[in-house]
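Undergrad: One structure follows; several queries about it will come next.
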Amino acid sequence: MDRNIKEKKCNDFENQKTVMNIEEWHNVVNDKLGISGGTIYSSSGSTGNSKSIIYTDDVMNAAVRRTKEFISLTPLLSNCKIAILWGYGLFPPASFYNRALSEMGNIVYPFGSGRNFPSELKATKLGEIKPKVIIGMPSYILRICNILKEKKLLEKVSEKLEFIITGGEVLTTFYRKTLEEEFGVKVFDHYGMLQAPMIAGECSEGKMHISKEYKSEVLMSDSKISEMGRGILLLSSEKAWFPLELERLNVEDNVILSKDKCSCGYETPTIKIIGRSNLKYKVRGQLVDFDELITRLNVLGFENKYFVEVKDFNNELIFHISNEISKEKFKEEVNKIISFTYFVESHEKIEFLLTNTGKIKRIIIRNN
């Protein structure tokens, strides 16, 4: 074997050994910081996989600091009325944003999710306060938008609204376009809510900037680690989880990492989120990339009109769809990604399962 090739393979192997996945990082944090105390925060993703991790005061303070960093990339002024729709209890961003925005001199209304404050009443309250900024998960803000339309309050709420901040789930093209059209304002997306809180935020030019407190790299498809390009995002930081040093955390998201200068003037690397790298399941011998499938269906306008059921025990895949949409058109799109036999069941009304943060579970795994 050529010596250069051998050394390259050895270096790639050494690089791989330094990469830590989320589960490993959780174990390290909970083991090291659990002794000194802290608060356990939990969240469940759209696939229903629960995650919990300990936050100390230092970790919380760092997250608040980065929240302020990203808010500075928006046109926000002080003394503004801001409605926060993050779920209070076990979802950290409720605390990050509340503290950061209050300390920046704003008037914060911590409304929480539908579990904390009924959505119907919340819509009425939004009409009363007329916020300048609304912050929350895009799917929930859209739900509130629909309630506002039913109550004929959307125009009233939009009257003084200057922009929306989203996070907690992927901001699809559908979500961004719909929210901006309905409310008539720009959406600023923030990325990173739990395992590595407050990773990146959008600027006025629509670029997603990595926080200055993180070192970012990507794990390429050929196993090389690069400072730019397309691959799985890796994060390192001495400040994010002080006193622990975070080194090359695999956040399980496919991104395009760039170091080109942004015209907004903020000089940190930027990323474009491609999708999750862990939403892959083997069904009937085929590895299905559900992130690609869900993104395709959402962009085509099927958002909130379907969910996927995977039955591991009999190796079946079932799509549950609303009878508002064409079964033939839906299957036409699914067939571009899935080649094996699957089932589509049409329903007059879909009963969605929700996570404990109020998000729709797009993928339901049945083991028995």
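Chain labels A, B, ... are given in the sequence in which chains occur in the structure tokens; within each chain residues are numbered consecutively from 1, and ligands are likewise numbered from 1 in the order shown.
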How close does stretch 177-245 of chain A get to stretch 160-165 of chain A? List, as a tab-separated table, each residue of stretch 177-245 of chain A within 8 Å, its nearest atom pair and the distance in Å to one decimal, counting only C-alpha atoms.

TA:
```
residue	atom	partner	partner_atom	distance
A:Phe183	CA	A:Leu161	CA	7.9
A:Val185	CA	A:Phe163	CA	5.1
A:Lys186	CA	A:Phe163	CA	5.1
A:Val187	CA	A:Ile164	CA	4.8
A:Phe188	CA	A:Ile165	CA	4.8
A:Asp189	CA	A:Ile165	CA	5.6
A:His190	CA	A:Ile165	CA	7.0
```

Undergrad: Find the residues around stretch 339-342 of chain A up to 9 Å (only C-alpha atoms counted), leave out those fewer than 4 positions away in its own chain, and share them as a PDB file with C-alpha atoms, in the first residue's frame.

TA:
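Below is the file that was written, result.pdb:
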```
ATOM      1  CA  VAL A 283     -38.276  -1.468   6.031  1.00  0.00           C
ATOM      2  CA  ARG A 284     -38.616  -4.597   3.895  1.00  0.00           C
ATOM      3  CA  GLY A 285     -34.899  -4.608   3.283  1.00  0.00           C
ATOM      4  CA  GLN A 286     -34.743  -1.008   2.023  1.00  0.00           C
ATOM      5  CA  GLU A 316     -45.135  -2.777   7.141  1.00  0.00           C
ATOM      6  CA  LEU A 317     -45.208   0.902   6.244  1.00  0.00           C
ATOM      7  CA  ILE A 318     -48.509   2.782   6.347  1.00  0.00           C
ATOM      8  CA  PHE A 319     -49.172   6.398   5.370  1.00  0.00           C
ATOM      9  CA  VAL A 334     -43.696   8.646  -2.318  1.00  0.00           C
ATOM     10  CA  ASN A 335     -42.858   6.323  -5.208  1.00  0.00           C
TER      11      ASN A 335
END
```

Undergrad: Which residues, written as a list in words, have at least one atom at most 9 Å from A:Asn79, with only C-alpha atoms counted and residues fewer than 5 positions away on the same chain left out?

TA: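 Counting only the stated atoms, we get Met104, Gly105, Asn106 and Ile107 of chain A.
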
Undergrad: At a cut-off of 12 Å, can you tabulate as a Markdown table every residue of stretch 251-349 of chain A near stretch 235-239 of chain A together with its closest atom pair and the distance in Å to one decimal, using only C-alpha atoms and ordering rows by chain then number?

TA:
```
| residue | atom | partner | partner_atom | distance |
| --- | --- | --- | --- | --- |
| A:Val251 | CA | A:Leu235 | CA | 7.5 |
| A:Glu252 | CA | A:Leu235 | CA | 10.7 |
| A:Asp253 | CA | A:Leu235 | CA | 11.2 |
| A:Leu257 | CA | A:Leu235 | CA | 11.7 |
```

Undergrad: Could you please determine the separation between atom CA of A:Ser52 and atom CA of A:Phe117 in Å, to one decimal place?

TA: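 Computed distance, atom CA of A:Ser52 to atom CA of A:Phe117, equals 23.8 Å.
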
Undergrad: List every residue of stretch 31-188 of chain A that DSSP, applied to the backbone of this structure, assigns to helix (DSSP H, G or I), and report them as a PyMOL selection string.

TA: chain A and resi 31-33+57-71+93-103+119-129+138-150+154-158+173-183

Undergrad: Against stretch 302-315 of chain A, which residues of stretch 75-164 of chain A fall within 12 Å? For each one I want the closest pair of atoms and the distance in Å (one decimal), counting only C-alpha atoms, rows by chain and increasing residue number, as CSV.

TA:
```
residue,atom,partner,partner_atom,distance
A:Pro138,CA,A:Glu303,CA,11.8
A:Ser139,CA,A:Asn304,CA,8.8
A:Tyr140,CA,A:Asn304,CA,11.2
A:Leu142,CA,A:Asn304,CA,10.4
A:Arg143,CA,A:Asn304,CA,10.0
```

Undergrad: Using only C-alpha atoms, find the one residue out of A:Ala62, A:Ile337, A:Val157, A:Leu77 that sits nearest to A:Met198.

TA: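 Closest residue, counting only C-alpha atoms: A:Ala62.
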
Undergrad: Please identify the strand (DSSP E or B) residues within stretch 239-363 of chain A (assignment by DSSP from backbone atoms) and present them as a PyMOL selection string.

TA: chain A and resi 246-258+270-276+280-283+286-289+306-311+316-322+343-347+354+360+363

Undergrad: Residues of the last selection are to be written out with C-alpha atoms, as a short mmCIF file (atom, residue, chain, number, x, y, z; two decimals), in the first residue's frame.

TA:
```
data_model
loop_
_atom_site.label_atom_id
_atom_site.label_comp_id
_atom_site.auth_asym_id
_atom_site.auth_seq_id
_atom_site.Cartn_x
_atom_site.Cartn_y
_atom_site.Cartn_z
CA LEU A 246 -17.18 19.91 24.27
CA GLU A 247 -15.12 18.30 21.52
CA ARG A 248 -16.52 17.32 18.14
CA LEU A 249 -20.11 16.57 19.00
CA ASN A 250 -21.94 14.92 16.11
CA VAL A 251 -25.29 16.78 16.18
CA GLU A 252 -26.72 14.36 13.57
CA ASP A 253 -27.67 17.07 11.09
CA ASN A 254 -26.53 17.27 7.49
CA VAL A 255 -25.42 20.79 6.64
CA ILE A 256 -23.44 22.86 4.16
CA LEU A 257 -20.78 24.75 6.11
CA SER A 258 -19.31 27.89 4.56
CA THR A 270 -22.59 30.04 8.09
CA ILE A 271 -24.57 26.84 7.63
CA LYS A 272 -27.49 25.67 5.56
CA ILE A 273 -29.48 22.88 7.21
CA ILE A 274 -30.09 19.99 4.81
CA GLY A 275 -31.83 17.65 7.26
CA ARG A 276 -31.44 15.06 9.98
CA LYS A 280 -33.31 6.36 8.52
CA TYR A 281 -35.09 3.04 9.06
CA LYS A 282 -34.88 -0.27 7.24
CA VAL A 283 -38.28 -1.47 6.03
CA GLN A 286 -34.74 -1.01 2.02
CA LEU A 287 -33.10 1.76 4.05
CA VAL A 288 -35.57 4.65 3.89
CA ASP A 289 -34.39 8.22 4.44
CA TYR A 306 -50.34 12.96 6.96
CA PHE A 307 -48.15 10.87 9.22
CA VAL A 308 -46.15 7.68 8.71
CA GLU A 309 -46.60 4.49 10.70
CA VAL A 310 -43.80 1.89 10.71
CA LYS A 311 -44.81 -1.54 12.03
CA GLU A 316 -45.13 -2.78 7.14
CA LEU A 317 -45.21 0.90 6.24
CA ILE A 318 -48.51 2.78 6.35
CA PHE A 319 -49.17 6.40 5.37
CA HIS A 320 -52.20 7.96 7.05
CA ILE A 321 -53.42 10.89 4.97
CA SER A 322 -56.27 13.39 5.04
CA PHE A 343 -50.12 1.17 2.25
CA VAL A 344 -52.00 4.47 2.19
CA GLU A 345 -55.08 4.94 4.38
CA SER A 346 -57.28 7.99 3.83
CA HIS A 347 -59.10 9.54 6.80
CA LEU A 354 -47.93 14.89 19.73
CA ILE A 360 -46.58 16.44 15.60
CA ILE A 363 -43.07 8.95 12.29
#
```

Undergrad: Pick from A:Lys122, A:Ile144, A:Trp241, A:Ala200: nearest to A:Val28, with only C-alpha atoms counted?

TA: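 Of the candidates, the smallest distance to A:Val28 is held by A:Trp241.
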